[in-house]
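This report concerns only the one structure given below.
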Amino acid sequence: MEEAANHPQMANLTSLLKWSVAHTEPESSENHGLSEEEILEKRKRLEESKGILDELFPDVYAQIREMVDAVKSDTEPFDRKILALSGLQEYMEDRNHAINIVKVGILSAVLDIFAQVSASLPPSQSNAEAGITKDKELKGTQLISVPKSIDSFTSEQLTEIRKMCVWIIGSALQDDDEVKGIIVGANGFDPVIKSLSDPVAEIRAKAVHASAALLKNAPQYANLFELWGGAEKLAACVNDPDRQVRSRCLFFLQNALATKNQWFVEYVCVWKDGQTVGQLVDSMTT
């Protein structure tokens, strides 16, 4: 039922049905001759019909806005935040929702909470290149404060939130040119770039997947990706100590020519004077 409700044509029909019920007047000409008790009963049935329609055809974007509010809240506990992020990730798998990632505030919520949880990491667990400290993160000239609720999260909880943020962005991309343009235009790829060198392998794997999603059949983003520092970090993942990270990166490398990413093959071959290729060959022959 939820899948049907998310279909554009079904959504339009739902809106029409709700409008029809909402604008049906109990005091219309059809009510002439009815007693006051009968009119009240008719009004009650109309209200019940509205409730049934709301249950059968929920307002998807109202649900999304609730999730966004939970992610942005300074007081929501971890369970509520991770549940909201998981819900948003599922919605981002649908192109009809991914195209609105900026309009409904999903991307800004994801970027904000990613910056907050990154700033809350102990220095030993943070990415030194990102300039993260315990209490705040310097991002350009902006100091990012960490809400008390997030500052109280465990290291494992912070990891889970960072992973979900990268996963949401990667799910939204899905080889869709328009969504890619929206995310890049809103400076929304920063969490992915940083996460390519995250200390947690599962997050690096999500970042590799998101990077491949952006770059697939989209050579126009190659220069930007390299300028952001993504090319060097992605090349390092070719020989990542974690098997999943390494496998995802190698899959992208193997299909680079077919996905218009010849530049990355050339980059890997010359990066560190070819040491990466040598290490790759050694790992495959030993």
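Identifiers in this document derive from the order of the structure tokens: chains are assigned A, B, ..., residues are numbered from 1 separately in each chain, and ligands are numbered from 1 in order of occurrence.
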Close residues, Leu88 in chain A itself excluded, 10 Å, only C-alpha atoms, min 6 positions apart in chain, as number ranges by chain
A: 63-65, 67-68, 71, 82, 97-98, 101, 106, 110, 164-165, 167-168, 171-172
When you draw a straight line from CA of Ser155 in chain A to CA of Leu121 in chain A, how long is it in Å?
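Computing the Euclidean distance for CA of Ser155 in chain A and CA of Leu121 in chain A yields 7.3 Å.
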Pull the closest atom pair for each residue of range 181-249 of chain A that gets at most 10 Å from range 115-118 of chain A, along with the distance in Å to one decimal, counting only C-alpha atoms, ordering rows by chain and then ascending residue number, as JSON lines.
```
{"residue": "A:Asp190", "atom": "CA", "partner": "A:Ala115", "partner_atom": "CA", "distance": 9.8}
{"residue": "A:Pro191", "atom": "CA", "partner": "A:Ala115", "partner_atom": "CA", "distance": 8.1}
{"residue": "A:Lys194", "atom": "CA", "partner": "A:Ser118", "partner_atom": "CA", "distance": 9.9}
```
What's around range 240-250 of chain A at 8 Å? Count only C-alpha atoms, leave out sequence neighbours fewer than 5 positions away in its own chain, and write the answer as a list of chain:residue names.
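My list of contacting residues is A:Ala201, A:Glu202, A:Arg204, A:Ala205, A:Val208, A:His209, A:Leu234.
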As a list in words, please: the residues near Lys72 in chain A (cut-off 8 Å, only C-alpha atoms, same-chain neighbours under 6 positions excluded).
Ala109, Asp112 and Ile113 of chain A
Could you please take those selected residues and save all heavy atoms as a PDB file, in the first residue's frame?
```pdb
ATOM      1  N   ALA A 109      19.793  18.926   6.415  1.00  0.00           N
ATOM      2  CA  ALA A 109      19.757  18.214   7.691  1.00  0.00           C
ATOM      3  C   ALA A 109      20.901  17.209   7.784  1.00  0.00           C
ATOM      4  O   ALA A 109      21.547  17.064   8.829  1.00  0.00           O
ATOM      5  CB  ALA A 109      18.415  17.517   7.860  1.00  0.00           C
ATOM      6  N   ASP A 112      24.272  19.047   8.209  1.00  0.00           N
ATOM      7  CA  ASP A 112      24.412  19.602   9.557  1.00  0.00           C
ATOM      8  C   ASP A 112      24.761  18.529  10.578  1.00  0.00           C
ATOM      9  O   ASP A 112      25.681  18.690  11.387  1.00  0.00           O
ATOM     10  CB  ASP A 112      23.125  20.312   9.978  1.00  0.00           C
ATOM     11  CG  ASP A 112      22.939  21.638   9.252  1.00  0.00           C
ATOM     12  OD1 ASP A 112      23.903  22.115   8.622  1.00  0.00           O
ATOM     13  OD2 ASP A 112      21.821  22.186   9.318  1.00  0.00           O
ATOM     14  N   ILE A 113      24.024  17.419  10.548  1.00  0.00           N
ATOM     15  CA  ILE A 113      24.271  16.402  11.576  1.00  0.00           C
ATOM     16  C   ILE A 113      25.597  15.697  11.321  1.00  0.00           C
ATOM     17  O   ILE A 113      26.283  15.297  12.270  1.00  0.00           O
ATOM     18  CB  ILE A 113      23.107  15.390  11.657  1.00  0.00           C
ATOM     19  CG1 ILE A 113      23.226  14.596  12.975  1.00  0.00           C
ATOM     20  CG2 ILE A 113      23.078  14.451  10.464  1.00  0.00           C
ATOM     21  CD1 ILE A 113      22.016  13.723  13.281  1.00  0.00           C
TER      22      ILE A 113
END
```
For Trp228 in chain A, work out the shell of residues within 10 Å, counting only C-alpha atoms and skipping chain neighbours fewer than 5 positions away, then give it as number ranges by chain.
A: 189-190, 193-194, 222-223, 233
Could you write out the selected residues, including C-alpha atoms, as a PDB file, in the first residue's frame?
```pdb
ATOM      1  CA  PHE A 189      29.198  15.917  -1.453  1.00  0.00           C
ATOM      2  CA  ASP A 190      31.581  16.992   1.308  1.00  0.00           C
ATOM      3  CA  ILE A 193      34.865  13.034   0.353  1.00  0.00           C
ATOM      4  CA  LYS A 194      35.741  13.127   4.052  1.00  0.00           C
ATOM      5  CA  ALA A 222      36.006  14.463 -12.606  1.00  0.00           C
ATOM      6  CA  ASN A 223      37.886  17.745 -12.188  1.00  0.00           C
ATOM      7  CA  LYS A 233      41.457   9.239  -1.394  1.00  0.00           C
TER       8      LYS A 233
END
```
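Closest approach to Lys206 in chain A from the set A:Glu160, A:Glu37, A:Glu76, A:Asp175 is made by A:Glu160, with distances taken over only C-alpha atoms.
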Per DSSP on the backbone, filter range 59-257 of chain A down to the residues in strand (DSSP E or B) and report them as a ChimeraX atom specification.
/A:132,136-139,142-145
Output for the residues just chosen: N, CA, C and O atoms as a PDB file, in the first residue's frame:
```pdb
ATOM      1  N   ILE A 132      39.132  18.304  12.711  1.00  0.00           N
ATOM      2  CA  ILE A 132      38.100  18.087  13.719  1.00  0.00           C
ATOM      3  C   ILE A 132      38.707  18.113  15.120  1.00  0.00           C
ATOM      4  O   ILE A 132      39.752  17.542  15.370  1.00  0.00           O
ATOM      5  N   LYS A 136      34.306  21.346  18.614  1.00  0.00           N
ATOM      6  CA  LYS A 136      33.802  22.082  17.455  1.00  0.00           C
ATOM      7  C   LYS A 136      34.685  21.799  16.251  1.00  0.00           C
ATOM      8  O   LYS A 136      35.814  21.341  16.368  1.00  0.00           O
ATOM      9  N   GLU A 137      34.157  22.090  15.070  1.00  0.00           N
ATOM     10  CA  GLU A 137      34.897  21.859  13.840  1.00  0.00           C
ATOM     11  C   GLU A 137      35.012  23.179  13.095  1.00  0.00           C
ATOM     12  O   GLU A 137      34.030  23.890  12.921  1.00  0.00           O
ATOM     13  N   LEU A 138      36.201  23.494  12.655  1.00  0.00           N
ATOM     14  CA  LEU A 138      36.402  24.701  11.882  1.00  0.00           C
ATOM     15  C   LEU A 138      36.138  24.379  10.425  1.00  0.00           C
ATOM     16  O   LEU A 138      36.821  23.559   9.832  1.00  0.00           O
ATOM     17  N   LYS A 139      35.139  25.018   9.866  1.00  0.00           N
ATOM     18  CA  LYS A 139      34.774  24.779   8.474  1.00  0.00           C
ATOM     19  C   LYS A 139      34.770  26.136   7.782  1.00  0.00           C
ATOM     20  O   LYS A 139      33.829  26.895   7.855  1.00  0.00           O
ATOM     21  N   GLN A 142      33.481  29.239   9.761  1.00  0.00           N
ATOM     22  CA  GLN A 142      32.316  28.933  10.587  1.00  0.00           C
ATOM     23  C   GLN A 142      32.673  27.898  11.654  1.00  0.00           C
ATOM     24  O   GLN A 142      33.259  26.857  11.361  1.00  0.00           O
ATOM     25  N   LEU A 143      32.321  28.201  12.885  1.00  0.00           N
ATOM     26  CA  LEU A 143      32.511  27.255  13.968  1.00  0.00           C
ATOM     27  C   LEU A 143      31.217  26.479  14.173  1.00  0.00           C
ATOM     28  O   LEU A 143      30.149  27.069  14.307  1.00  0.00           O
ATOM     29  N   ILE A 144      31.321  25.154  14.171  1.00  0.00           N
ATOM     30  CA  ILE A 144      30.138  24.303  14.303  1.00  0.00           C
ATOM     31  C   ILE A 144      30.036  23.812  15.740  1.00  0.00           C
ATOM     32  O   ILE A 144      30.892  23.072  16.218  1.00  0.00           O
ATOM     33  N   SER A 145      29.002  24.233  16.432  1.00  0.00           N
ATOM     34  CA  SER A 145      28.798  23.791  17.805  1.00  0.00           C
ATOM     35  C   SER A 145      28.085  22.447  17.821  1.00  0.00           C
ATOM     36  O   SER A 145      27.353  22.098  16.899  1.00  0.00           O
TER      37      SER A 145
END
```
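Comparing A:Ile182, A:Leu215, A:Leu257, A:Cys269 by their smallest distance to Ala235 in chain A, the closest is A:Cys269 (using only C-alpha atoms).
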Restricting the calculation to only C-alpha atoms, which member of A:Pro77, A:Gly230, A:Gly188, A:Gly181 is positioned closest to Phe114 in chain A?
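Using only C-alpha atoms, the shortest distance to Phe114 in chain A belongs to A:Gly188.
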Find the residues near Arg80 in chain A: any atom within 12 Å, counting only C-alpha atoms, skip ones fewer than 4 places away on the same chain, and give them as a VMD selection string.
chain A and resid 66 to 76 84 to 87 149 157 161
Give me every alpha helix (DSSP H) residue in range 183-280 of chain A, going by DSSP on the backbone, as number ranges by chain.
A: 183-185, 190-195, 201-215, 222-227, 230-236, 243-254, 262-270, 275-280
Any idea what the distance is between CA of Ser120 in chain A and CA of Val179 in chain A?
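The value is 29.8 Å.
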d(CA of Ser108 in chain A, CA of Phe153 in chain A) in Å
21.0 Å
